[in-house]
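Everything below belongs to model_32.csv, which stores CSV, C-alpha atoms (C1' of nucleotides).
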```
chain,number,residue,atom,x,y,z
A,4,MET,CA,-11.1,-23.1,4.6
A,5,LEU,CA,-12.3,-24.9,7.7
A,6,THR,CA,-11.0,-28.0,9.4
A,7,ILE,CA,-13.3,-31.0,10.0
A,8,GLY,CA,-13.7,-29.9,13.6
A,9,GLU,CA,-14.6,-26.3,12.8
A,10,THR,CA,-17.0,-27.4,10.1
A,11,ALA,CA,-18.7,-29.9,12.4
A,12,GLU,CA,-19.0,-27.2,15.1
A,13,LEU,CA,-20.4,-24.7,12.6
A,14,LEU,CA,-23.0,-27.1,11.2
A,15,GLY,CA,-23.9,-28.7,14.5
A,16,ILE,CA,-23.0,-32.2,13.4
A,17,SER,CA,-20.0,-34.4,14.4
A,18,ALA,CA,-16.7,-34.8,12.7
A,19,HIS,CA,-17.6,-38.6,12.6
A,20,THR,CA,-20.7,-37.7,10.6
A,21,LEU,CA,-18.7,-35.6,8.1
A,22,ARG,CA,-16.3,-38.5,7.5
A,23,TYR,CA,-19.3,-40.8,7.0
A,24,TYR,CA,-20.8,-38.3,4.5
A,25,GLU,CA,-17.5,-38.4,2.6
A,26,LYS,CA,-17.5,-42.2,2.6
A,27,GLU,CA,-21.0,-42.0,1.2
A,28,GLN,CA,-19.8,-39.6,-1.5
A,29,ILE,CA,-22.0,-36.8,-0.2
A,30,VAL,CA,-19.2,-34.3,0.4
A,31,VAL,CA,-15.6,-34.6,-0.8
A,32,PRO,CA,-13.5,-31.9,0.9
A,33,HIS,CA,-10.1,-30.7,-0.1
A,34,ARG,CA,-7.0,-32.2,1.5
A,35,GLU,CA,-4.0,-30.5,3.1
A,36,PRO,CA,-0.5,-31.8,2.3
A,37,GLY,CA,-0.6,-33.7,5.6
A,38,GLY,CA,-4.0,-35.4,4.6
A,39,ASP,CA,-6.3,-33.2,6.8
A,40,ARG,CA,-9.7,-32.3,5.3
A,41,ARG,CA,-10.6,-28.7,4.5
A,42,TYR,CA,-14.1,-27.5,3.8
A,43,ASP,CA,-14.6,-24.3,1.8
A,44,GLU,CA,-17.7,-22.1,1.4
A,45,SER,CA,-19.2,-24.3,-1.3
A,46,HIS,CA,-18.9,-27.4,0.9
A,47,ILE,CA,-20.6,-25.5,3.7
A,48,GLY,CA,-23.4,-24.3,1.5
A,49,TRP,CA,-23.9,-27.8,0.1
A,50,LEU,CA,-23.9,-29.3,3.6
A,51,LYS,CA,-26.4,-26.9,4.9
A,52,PHE,CA,-28.6,-27.9,2.0
A,53,VAL,CA,-28.0,-31.6,2.8
A,54,ILE,CA,-29.0,-31.0,6.4
A,55,LYS,CA,-32.3,-29.4,5.2
A,56,LEU,CA,-33.0,-32.4,3.0
A,57,LYS,CA,-32.3,-34.7,5.9
A,58,GLU,CA,-34.6,-32.8,8.2
A,59,THR,CA,-37.3,-33.7,5.7
A,60,GLN,CA,-36.5,-37.4,5.8
A,61,MET,CA,-34.8,-37.6,2.5
A,62,PRO,CA,-32.7,-40.8,2.6
A,63,ILE,CA,-28.9,-40.7,2.4
A,64,ALA,CA,-29.1,-42.8,-0.8
A,65,ALA,CA,-31.2,-40.1,-2.5
A,66,ILE,CA,-29.0,-37.3,-1.4
A,67,ARG,CA,-26.0,-39.3,-2.7
A,68,LYS,CA,-27.7,-39.7,-6.0
A,69,TYR,CA,-28.4,-35.9,-6.2
A,70,ALA,CA,-24.8,-35.2,-5.3
A,71,ALA,CA,-23.5,-37.5,-8.0
A,72,LEU,CA,-25.7,-35.8,-10.6
A,73,ALA,CA,-24.5,-32.4,-9.5
A,74,ALA,CA,-20.9,-33.6,-9.7
A,75,GLU,CA,-21.5,-34.8,-13.3
A,76,GLY,CA,-22.2,-31.3,-14.5
A,77,ASP,CA,-24.8,-28.9,-15.9
A,78,HIS,CA,-26.3,-31.4,-18.3
A,79,THR,CA,-27.9,-33.3,-15.3
A,80,SER,CA,-29.8,-30.3,-14.1
A,81,GLU,CA,-33.1,-31.6,-15.4
A,82,ASP,CA,-32.6,-34.9,-13.5
A,83,ARG,CA,-31.8,-33.0,-10.4
A,84,LEU,CA,-34.9,-30.8,-10.8
A,85,ASN,CA,-37.0,-33.9,-11.1
A,86,LEU,CA,-35.4,-35.4,-8.0
A,87,LEU,CA,-36.2,-32.3,-6.0
A,88,ALA,CA,-39.7,-32.0,-7.4
A,89,GLU,CA,-40.4,-35.6,-6.3
A,90,HIS,CA,-39.0,-34.9,-2.9
A,91,LYS,CA,-41.2,-31.8,-2.6
A,92,ARG,CA,-44.2,-34.0,-3.3
A,93,SER,CA,-43.1,-36.3,-0.4
A,94,ILE,CA,-42.9,-33.3,1.8
A,95,ARG,CA,-46.4,-32.3,0.9
A,96,ALA,CA,-47.6,-35.8,1.8
A,97,GLN,CA,-45.8,-35.6,5.1
A,98,LEU,CA,-47.4,-32.2,5.8
A,99,GLU,CA,-50.8,-33.7,5.2
A,100,THR,CA,-50.1,-36.7,7.5
A,101,LEU,CA,-48.9,-34.4,10.2
A,102,GLN,CA,-51.8,-32.0,9.9
A,103,ALA,CA,-54.3,-34.9,10.2
A,104,ALA,CA,-52.4,-36.2,13.2
A,105,ASP,CA,-52.3,-32.8,14.8
A,106,GLU,CA,-56.1,-32.5,14.5
A,107,MET,CA,-56.6,-36.0,15.8
A,108,LEU,CA,-54.5,-35.3,18.8
A,109,GLU,CA,-56.3,-32.0,19.4
A,110,ARG,CA,-59.6,-33.9,19.6
A,111,LYS,CA,-58.1,-36.6,21.8
A,112,ILE,CA,-56.6,-34.1,24.1
A,113,ALA,CA,-59.9,-32.2,24.4
A,114,GLY,CA,-61.5,-35.5,25.3
A,115,TYR,CA,-59.0,-36.0,28.1
A,116,ARG,CA,-59.5,-32.5,29.4
A,117,THR,CA,-63.3,-33.1,29.6
A,118,PHE,CA,-62.7,-36.3,31.4
A,119,ILE,CA,-60.2,-35.0,33.9
A,120,HIS,CA,-62.2,-32.0,34.9
A,121,SER,CA,-65.4,-34.0,35.2
B,6,MET,CA,-62.3,-61.3,16.9
B,7,LEU,CA,-59.7,-61.3,14.2
B,8,THR,CA,-56.7,-63.6,13.8
B,9,ILE,CA,-53.2,-62.1,13.5
B,10,GLY,CA,-53.3,-62.5,9.7
B,11,GLU,CA,-56.7,-60.7,9.4
B,12,THR,CA,-55.6,-58.0,11.7
B,13,ALA,CA,-52.4,-57.4,9.8
B,14,GLU,CA,-54.3,-57.4,6.5
B,15,LEU,CA,-56.8,-54.9,7.8
B,16,LEU,CA,-54.2,-52.5,9.2
B,17,GLY,CA,-51.7,-52.8,6.4
B,18,ILE,CA,-48.9,-54.1,8.6
B,19,SER,CA,-47.3,-57.5,8.9
B,20,ALA,CA,-48.1,-60.3,11.3
B,21,HIS,CA,-44.4,-60.1,12.3
B,22,THR,CA,-44.9,-56.5,13.3
B,23,LEU,CA,-47.9,-57.3,15.4
B,24,ARG,CA,-45.9,-59.9,17.3
B,25,TYR,CA,-43.1,-57.4,17.7
B,26,TYR,CA,-45.6,-54.9,19.1
B,27,GLU,CA,-46.8,-57.5,21.5
B,28,LYS,CA,-43.2,-58.2,22.6
B,29,GLU,CA,-42.8,-54.4,23.1
B,30,GLN,CA,-46.0,-54.4,25.2
B,31,ILE,CA,-47.8,-52.2,22.9
B,32,VAL,CA,-50.8,-54.5,22.2
B,33,VAL,CA,-51.6,-57.6,24.1
B,34,PRO,CA,-54.2,-59.6,22.2
B,35,HIS,CA,-56.5,-62.3,23.6
B,36,ARG,CA,-55.4,-66.0,23.2
B,37,GLU,CA,-57.4,-68.9,21.9
B,38,PRO,CA,-57.2,-72.2,23.8
B,39,GLY,CA,-54.6,-73.3,21.2
B,40,GLY,CA,-52.5,-70.2,21.8
B,41,ASP,CA,-53.5,-68.3,18.7
B,42,ARG,CA,-53.8,-64.5,19.1
B,43,ARG,CA,-57.2,-62.8,18.7
B,44,TYR,CA,-57.7,-59.1,18.2
B,45,ASP,CA,-61.0,-57.4,19.1
B,46,GLU,CA,-62.4,-54.0,18.2
B,47,SER,CA,-60.6,-52.3,21.0
B,48,HIS,CA,-57.2,-53.7,19.9
B,49,ILE,CA,-57.9,-52.6,16.4
B,50,GLY,CA,-58.9,-49.1,17.5
B,51,TRP,CA,-55.8,-48.8,19.6
B,52,LEU,CA,-53.6,-50.1,16.8
B,53,LYS,CA,-55.0,-47.5,14.4
B,54,PHE,CA,-54.1,-44.9,16.9
B,55,VAL,CA,-50.6,-46.3,17.3
B,56,ILE,CA,-50.1,-46.3,13.6
B,57,LYS,CA,-51.1,-42.6,13.5
B,58,LEU,CA,-48.6,-41.8,16.2
B,59,LYS,CA,-45.9,-43.8,14.4
B,60,GLU,CA,-46.6,-41.8,11.2
B,61,THR,CA,-45.7,-38.7,13.1
B,62,GLN,CA,-42.4,-40.2,14.3
B,63,MET,CA,-43.4,-41.0,17.8
B,64,PRO,CA,-40.8,-43.6,19.0
B,65,ILE,CA,-41.9,-47.1,20.0
B,66,ALA,CA,-40.6,-46.4,23.5
B,67,ALA,CA,-42.9,-43.4,24.0
B,68,ILE,CA,-45.9,-45.4,22.6
B,69,ARG,CA,-45.1,-48.2,25.0
B,70,LYS,CA,-45.0,-45.7,27.9
B,71,TYR,CA,-48.4,-44.4,26.8
B,72,ALA,CA,-49.8,-47.9,26.6
B,73,ALA,CA,-48.5,-48.8,30.0
B,74,LEU,CA,-50.2,-45.7,31.5
B,75,ALA,CA,-53.4,-46.6,29.8
B,76,ALA,CA,-53.2,-50.1,31.1
B,77,GLU,CA,-52.7,-48.8,34.6
B,78,GLY,CA,-56.1,-47.2,34.7
B,79,ASP,CA,-58.0,-43.9,34.8
B,80,HIS,CA,-55.8,-42.3,37.4
B,81,THR,CA,-53.0,-41.9,34.8
B,82,SER,CA,-55.1,-39.9,32.4
B,83,GLU,CA,-53.3,-36.7,33.3
B,84,ASP,CA,-50.0,-38.2,32.5
B,85,ARG,CA,-51.3,-39.5,29.2
B,86,LEU,CA,-52.7,-36.1,28.4
B,87,ASN,CA,-49.2,-34.5,29.1
B,88,LEU,CA,-47.6,-37.1,26.9
B,89,LEU,CA,-49.9,-36.4,24.0
B,90,ALA,CA,-49.6,-32.6,24.5
B,91,GLU,CA,-45.9,-32.9,24.3
B,92,HIS,CA,-46.0,-35.0,21.2
B,93,LYS,CA,-48.4,-32.5,19.6
B,94,ARG,CA,-45.7,-29.9,20.1
B,95,SER,CA,-43.2,-32.1,18.4
B,96,ILE,CA,-45.7,-32.4,15.5
B,97,ARG,CA,-45.9,-28.6,15.3
B,98,ALA,CA,-42.1,-28.4,15.2
B,99,GLN,CA,-42.0,-31.0,12.4
B,100,LEU,CA,-44.7,-29.0,10.5
B,101,GLU,CA,-42.5,-25.8,10.7
B,102,THR,CA,-39.4,-27.7,9.5
B,103,LEU,CA,-41.3,-29.1,6.6
B,104,GLN,CA,-42.9,-25.9,5.6
B,105,ALA,CA,-39.5,-24.1,5.6
B,106,ALA,CA,-38.0,-27.0,3.5
B,107,ASP,CA,-41.0,-26.8,1.1
B,108,GLU,CA,-40.4,-23.1,0.5
B,109,MET,CA,-36.7,-23.6,0.1
B,110,LEU,CA,-37.2,-26.3,-2.5
B,111,GLU,CA,-39.8,-24.2,-4.3
B,112,ARG,CA,-37.1,-21.5,-4.7
B,113,LYS,CA,-34.4,-24.0,-5.7
B,114,ILE,CA,-36.7,-25.6,-8.2
B,115,ALA,CA,-37.7,-22.2,-9.6
B,116,GLY,CA,-33.9,-21.5,-10.0
B,117,TYR,CA,-33.4,-24.8,-12.0
B,118,ARG,CA,-36.3,-24.0,-14.3
B,119,THR,CA,-34.8,-20.6,-15.1
B,120,PHE,CA,-31.5,-22.2,-15.8
B,121,ILE,CA,-32.8,-25.0,-17.9
B,122,HIS,CA,-35.0,-22.8,-20.1
B,123,SER,CA,-32.2,-20.2,-20.6
C,13,DA,C1',11.3,-33.0,26.0
C,14,DT,C1',6.8,-34.0,27.0
C,15,DA,C1',1.9,-33.3,26.9
C,16,DT,C1',-2.1,-31.9,24.8
C,17,DT,C1',-5.0,-31.2,20.9
C,18,DG,C1',-6.8,-32.3,16.8
C,19,DA,C1',-6.4,-34.8,13.0
C,20,DT,C1',-5.9,-39.5,10.3
C,21,DT,C1',-7.5,-44.6,9.0
C,22,DA,C1',-10.0,-49.2,8.8
C,23,DG,C1',-13.3,-51.3,10.7
C,24,DA,C1',-16.4,-52.5,14.6
C,25,DG,C1',-20.6,-51.4,17.2
C,26,DC,C1',-25.1,-49.3,18.2
C,27,DG,C1',-30.2,-48.0,18.4
C,28,DT,C1',-34.4,-48.2,16.1
C,29,DA,C1',-37.8,-50.8,14.1
C,30,DC,C1',-38.7,-54.1,12.1
C,31,DT,C1',-38.2,-58.7,9.3
C,32,DC,C1',-37.2,-63.2,8.8
C,33,DT,C1',-35.8,-68.2,9.8
C,34,DA,C1',-36.2,-72.6,11.7
C,35,DA,C1',-38.7,-75.9,13.6
C,36,DG,C1',-42.9,-77.1,15.0
C,37,DT,C1',-48.3,-77.4,16.2
C,38,DC,C1',-53.0,-77.6,14.9
C,39,DA,C1',-57.5,-77.7,12.4
C,40,DA,C1',-59.9,-78.2,8.2
C,41,DG,C1',-60.5,-80.0,3.6
C,42,DT,C1',-59.9,-84.0,-0.1
D,26,DA,C1',-53.8,-90.2,5.7
D,27,DC,C1',-52.2,-86.2,3.6
D,28,DT,C1',-51.8,-81.7,2.4
D,29,DT,C1',-52.5,-76.9,3.0
D,30,DG,C1',-52.4,-72.9,5.5
D,31,DA,C1',-52.4,-70.2,9.4
D,32,DC,C1',-50.6,-70.2,13.4
D,33,DT,C1',-46.7,-70.8,17.4
D,34,DT,C1',-41.8,-69.8,19.5
D,35,DA,C1',-37.0,-68.1,20.3
D,36,DG,C1',-33.8,-65.9,18.4
D,37,DA,C1',-31.1,-64.3,14.3
D,38,DG,C1',-30.6,-61.0,10.6
D,39,DT,C1',-31.4,-56.5,8.1
D,40,DA,C1',-31.3,-51.5,6.8
D,41,DC,C1',-30.4,-47.1,8.0
D,42,DG,C1',-27.6,-43.6,9.9
D,43,DC,C1',-24.6,-42.8,12.4
D,44,DT,C1',-21.1,-43.4,16.4
D,45,DC,C1',-17.2,-45.1,18.3
D,46,DT,C1',-12.5,-47.5,18.9
D,47,DA,C1',-7.8,-48.3,18.3
D,48,DA,C1',-3.7,-47.1,16.7
D,49,DT,C1',-1.2,-43.5,14.8
D,50,DC,C1',0.6,-38.9,13.4
D,51,DA,C1',1.7,-34.0,13.5
D,52,DA,C1',1.7,-29.4,15.3
D,53,DT,C1',1.5,-26.5,19.2
D,54,DA,C1',2.0,-25.3,24.4
D,55,DT,C1',4.6,-25.6,28.6
```

Could you rewrite the structure in this file as structure tokens?
Amino acid sequence: MLTIGETAELLGISAHTLRYYEKEQIVVPHREPGGDRRYDESHIGWLKFVIKLKETQMPIAAIRKYAALAAEGDHTSEDRLNLLAEHKRSIRAQLETLQAADEMLERKIAGYRTFIHS
Amino acid sequence: MLTIGETAELLGISAHTLRYYEKEQIVVPHREPGGDRRYDESHIGWLKFVIKLKETQMPIAAIRKYAALAAEGDHTSEDRLNLLAEHKRSIRAQLETLQAADEMLERKIAGYRTFIHS
DNA sequence: ATATTGATTAGAGCGTACTCTAAGTCAAGT
DNA sequence: ACTTGACTTAGAGTACGCTCTAATCAATAT
């Protein structure tokens, strides 16, 4: 059971951000008698997953929706599957955009090299 | 020579955005005697390039920097090359992140399918 | 006993990239 | 002459995702 500071450190995000995620209903940690937050293994695993989703531009709102479904129970698993499948399609689209841009830049850079060394 | 509305239409962005890009020194169109903006082929080509850069998360500030170098003349081409090469590395990093996430989601989705059909 | 450290809260503020509003000008069509 | 529509400006507002502030509390270290 980690404190907010330890959890932030471990995940490479700020304690501010963890409180923000709680306000957004993305993670709801346990509380100590004094009111301090405590994050257990399941919170950490979930947060690592959230961070992966964020890295791929999934909006907070969509993550919150997914979290809400997961909190509702097993009967929402099909909805969650659909959400993830849709996000996977968005990742594929991003990959294509990036690959096209990468090639475009490659050509542009080659052009510059020719120009500079001429 | 296109008006701001025609240019916006052609590029799939808003006239507001074109004025914003001008304020940010990213494109400086010609002006009619009455003050209306006019975009020529070179503006359009440059804007298409800008849009490609934006699609790959290049910040407006970096694009502005690149535009400023280009406006300065041929002697900045090496700096521009470096800017593009660096951005290309960022695209590669994004590609790796997305590929990892894609695989992670593939596994997660496969897990859901097993669960749902059990 | 005091100081430091790390936590709490509500709510304000920030950076990015737009996006829109208000008030107005101007040219063309009926 | 009037309307329509596209344009102009400065500046305000929006959405997102944090990020920080202020005031406070509680446990530990000296």

Over every C-alpha pair, in sequence order, do a least-squares fit of chain A onto chain B and save the fitted chain as a short mmCIF file (atom, residue, chain, number, x, y, z; two decimals) with C-alpha atoms, in the coordinates of the input.
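Once everything was written out, this is selection_15.cif:
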```cif
data_model
loop_
_atom_site.label_atom_id
_atom_site.label_comp_id
_atom_site.auth_asym_id
_atom_site.auth_seq_id
_atom_site.Cartn_x
_atom_site.Cartn_y
_atom_site.Cartn_z
CA MET A 4 -62.36 -61.32 16.94
CA LEU A 5 -59.69 -61.35 14.27
CA THR A 6 -56.70 -63.59 13.80
CA ILE A 7 -53.18 -62.12 13.56
CA GLY A 8 -53.33 -62.52 9.79
CA GLU A 9 -56.69 -60.80 9.37
CA THR A 10 -55.66 -58.00 11.68
CA ALA A 11 -52.38 -57.47 9.84
CA GLU A 12 -54.27 -57.42 6.51
CA LEU A 13 -56.84 -54.97 7.87
CA LEU A 14 -54.25 -52.57 9.27
CA GLY A 15 -51.79 -52.90 6.42
CA ILE A 16 -48.94 -54.08 8.60
CA SER A 17 -47.38 -57.59 8.91
CA ALA A 18 -48.17 -60.32 11.32
CA HIS A 19 -44.38 -60.13 12.26
CA THR A 20 -44.92 -56.50 13.22
CA LEU A 21 -47.93 -57.33 15.42
CA ARG A 22 -45.90 -59.96 17.29
CA TYR A 23 -43.11 -57.41 17.74
CA TYR A 24 -45.66 -54.86 19.08
CA GLU A 25 -46.78 -57.49 21.60
CA LYS A 26 -43.19 -58.17 22.63
CA GLU A 27 -42.83 -54.45 23.14
CA GLN A 28 -45.98 -54.42 25.27
CA ILE A 29 -47.81 -52.18 22.82
CA VAL A 30 -50.72 -54.54 22.18
CA VAL A 31 -51.57 -57.68 24.17
CA PRO A 32 -54.26 -59.64 22.29
CA HIS A 33 -56.44 -62.36 23.64
CA ARG A 34 -55.43 -66.00 23.21
CA GLU A 35 -57.41 -68.96 21.90
CA PRO A 36 -57.21 -72.29 23.76
CA GLY A 37 -54.67 -73.43 21.16
CA GLY A 38 -52.45 -70.25 21.83
CA ASP A 39 -53.49 -68.27 18.67
CA ARG A 40 -53.85 -64.49 19.09
CA ARG A 41 -57.21 -62.77 18.67
CA TYR A 42 -57.64 -59.06 18.24
CA ASP A 43 -60.98 -57.47 19.14
CA GLU A 44 -62.40 -54.03 18.25
CA SER A 45 -60.54 -52.28 21.05
CA HIS A 46 -57.21 -53.72 19.90
CA ILE A 47 -57.98 -52.52 16.39
CA GLY A 48 -58.91 -49.06 17.52
CA TRP A 49 -55.79 -48.84 19.68
CA LEU A 50 -53.61 -50.06 16.80
CA LYS A 51 -54.98 -47.62 14.39
CA PHE A 52 -54.14 -44.93 16.91
CA VAL A 53 -50.61 -46.38 17.29
CA ILE A 54 -50.15 -46.30 13.54
CA LYS A 55 -51.12 -42.57 13.52
CA LEU A 56 -48.60 -41.85 16.24
CA LYS A 57 -45.96 -43.71 14.30
CA GLU A 58 -46.70 -41.82 11.13
CA THR A 59 -45.74 -38.75 13.14
CA GLN A 60 -42.41 -40.20 14.22
CA MET A 61 -43.36 -40.95 17.74
CA PRO A 62 -40.82 -43.54 18.97
CA ILE A 63 -41.88 -47.07 19.95
CA ALA A 64 -40.54 -46.39 23.48
CA ALA A 65 -42.96 -43.46 23.89
CA ILE A 66 -45.90 -45.33 22.57
CA ARG A 67 -45.02 -48.18 24.98
CA LYS A 68 -44.95 -45.75 27.81
CA TYR A 69 -48.42 -44.35 26.82
CA ALA A 70 -49.75 -47.87 26.56
CA ALA A 71 -48.49 -48.78 30.00
CA LEU A 72 -50.13 -45.69 31.50
CA ALA A 73 -53.39 -46.51 29.80
CA ALA A 74 -53.17 -50.08 31.09
CA GLU A 75 -52.68 -48.76 34.67
CA GLY A 76 -56.08 -47.14 34.69
CA ASP A 77 -58.02 -43.87 34.79
CA HIS A 78 -55.82 -42.25 37.39
CA THR A 79 -52.98 -41.89 34.75
CA SER A 80 -55.09 -39.88 32.40
CA GLU A 81 -53.35 -36.64 33.26
CA ASP A 82 -49.93 -38.22 32.48
CA ARG A 83 -51.25 -39.47 29.23
CA LEU A 84 -52.66 -36.04 28.34
CA ASN A 85 -49.29 -34.53 29.01
CA LEU A 86 -47.58 -37.15 26.86
CA LEU A 87 -49.88 -36.38 23.96
CA ALA A 88 -49.62 -32.63 24.44
CA GLU A 89 -45.81 -32.92 24.24
CA HIS A 90 -46.07 -35.03 21.16
CA LYS A 91 -48.40 -32.48 19.56
CA ARG A 92 -45.74 -29.85 20.17
CA SER A 93 -43.20 -32.09 18.31
CA ILE A 94 -45.61 -32.33 15.47
CA ARG A 95 -45.90 -28.59 15.29
CA ALA A 96 -42.10 -28.33 15.14
CA GLN A 97 -42.01 -30.89 12.38
CA LEU A 98 -44.68 -28.95 10.45
CA GLU A 99 -42.57 -25.85 10.69
CA THR A 100 -39.40 -27.67 9.50
CA LEU A 101 -41.28 -29.12 6.60
CA GLN A 102 -42.91 -25.87 5.60
CA ALA A 103 -39.49 -24.11 5.57
CA ALA A 104 -38.07 -26.95 3.52
CA ASP A 105 -40.96 -26.86 1.12
CA GLU A 106 -40.38 -23.13 0.50
CA MET A 107 -36.67 -23.64 0.12
CA LEU A 108 -37.19 -26.31 -2.43
CA GLU A 109 -39.74 -24.18 -4.28
CA ARG A 110 -37.10 -21.45 -4.66
CA LYS A 111 -34.43 -23.95 -5.67
CA ILE A 112 -36.65 -25.54 -8.18
CA ALA A 113 -37.58 -22.16 -9.69
CA GLY A 114 -33.88 -21.49 -9.98
CA TYR A 115 -33.40 -24.70 -11.93
CA ARG A 116 -36.31 -23.94 -14.21
CA THR A 117 -34.77 -20.51 -15.06
CA PHE A 118 -31.50 -22.15 -15.74
CA ILE A 119 -32.79 -24.95 -17.90
CA HIS A 120 -34.92 -22.79 -20.09
CA SER A 121 -32.19 -20.20 -20.52
#
```

Give me, as a JSON list (two decimals) with C-alpha atoms (C1' of nucleotides), in the frame of the given file, the residues of chain D touching chain A, with the criterion being at most 9 Å (counting all atoms listed in the file).
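Saved to selection06.json:
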```
[["chain", "number", "residue", "atom", "x", "y", "z"],
["D", 41, "DC", "C1'", -30.40, -47.10, 8.00],
["D", 42, "DG", "C1'", -27.60, -43.60, 9.90],
["D", 43, "DC", "C1'", -24.60, -42.80, 12.40],
["D", 44, "DT", "C1'", -21.10, -43.40, 16.40],
["D", 45, "DC", "C1'", -17.20, -45.10, 18.30],
["D", 51, "DA", "C1'", 1.70, -34.00, 13.50]]
```

field: Residue with smallest distance to chain C - pool A:Ser121, A:Ser80, A:Thr6, A:Gln28, counting only C-alpha atoms (C1' of nucleotides)
entry: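 The closest residue to chain C is A:Thr6.
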
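Each of C:DC38, C:DT14, C:DA24, C:DT33 was compared to chain B using all atoms listed in the file, and C:DC38 turns out to be the nearest.
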
message: As an exercise, work out the distance from C1' of DT16 (chain C) to C1' of DA54 (chain D) in Å and give it to one decimal place.
response: 7.8 Å

- request: Quick one: pull the distance between CA of Pro32 (chain A) and CA of Met4 (chain A), Å, one decimal.
  value: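 Taking CA of Pro32 (chain A) as the start and CA of Met4 (chain A) as the end point, the length is 9.8 Å.
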
message: Env of region 47-59 of chain A: 12 Å cut, atoms = only C-alpha atoms (C1' of nucleotides), seq-sep filter 4 positions within chain, self excluded. Answer as a ChimeraX atom specification.
response: /A:4-7,9-16,20-21,24-25,29-32,41-43,63-70,73-74,86-87,90-98 /B:62,98-110,113 /D:42

Taking only residues of chain C that have an atom at most 10 Å from an atom of chain A, what is each one's shortest atom pair and its distance in Å to one decimal, using all atoms listed in the file, in chain and number order, as a Markdown table?
```
| residue | atom | partner | partner_atom | distance |
| --- | --- | --- | --- | --- |
| C:DG18 | C1' | A:Gly8 | CA | 8.0 |
| C:DA19 | C1' | A:Asp39 | CA | 6.4 |
| C:DT20 | C1' | A:Asp39 | CA | 7.2 |
```

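Here C1' of DG36 (chain C) stands at a distance of 8.6 Å from C1' of DT34 (chain D).
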
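Minimum atom-to-atom distances from A:Glu75, A:Glu44, A:Glu81, A:Glu35 to chain B were compared using all atoms listed in the file, and the lowest value belongs to A:Glu81.
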
query: A:Leu72, A:Met61, A:Ala18, A:Ile119: which is nearest chain B, counting only C-alpha atoms?
result: A:Ile119

Nearest to chain B by atom-to-atom distance, counting all atoms listed in the file, from A:His120, A:Leu84, A:Gly76, A:Arg110: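 The shortest atom-to-atom distance to chain B comes from A:Leu84.
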
- request: Would you mind listing what lies within 12 Å of DG38 (chain D) as number ranges by chain, with only C-alpha atoms (C1' of nucleotides) counted and same-chain residues fewer than 6 positions away left out?
  value: C: 30-33
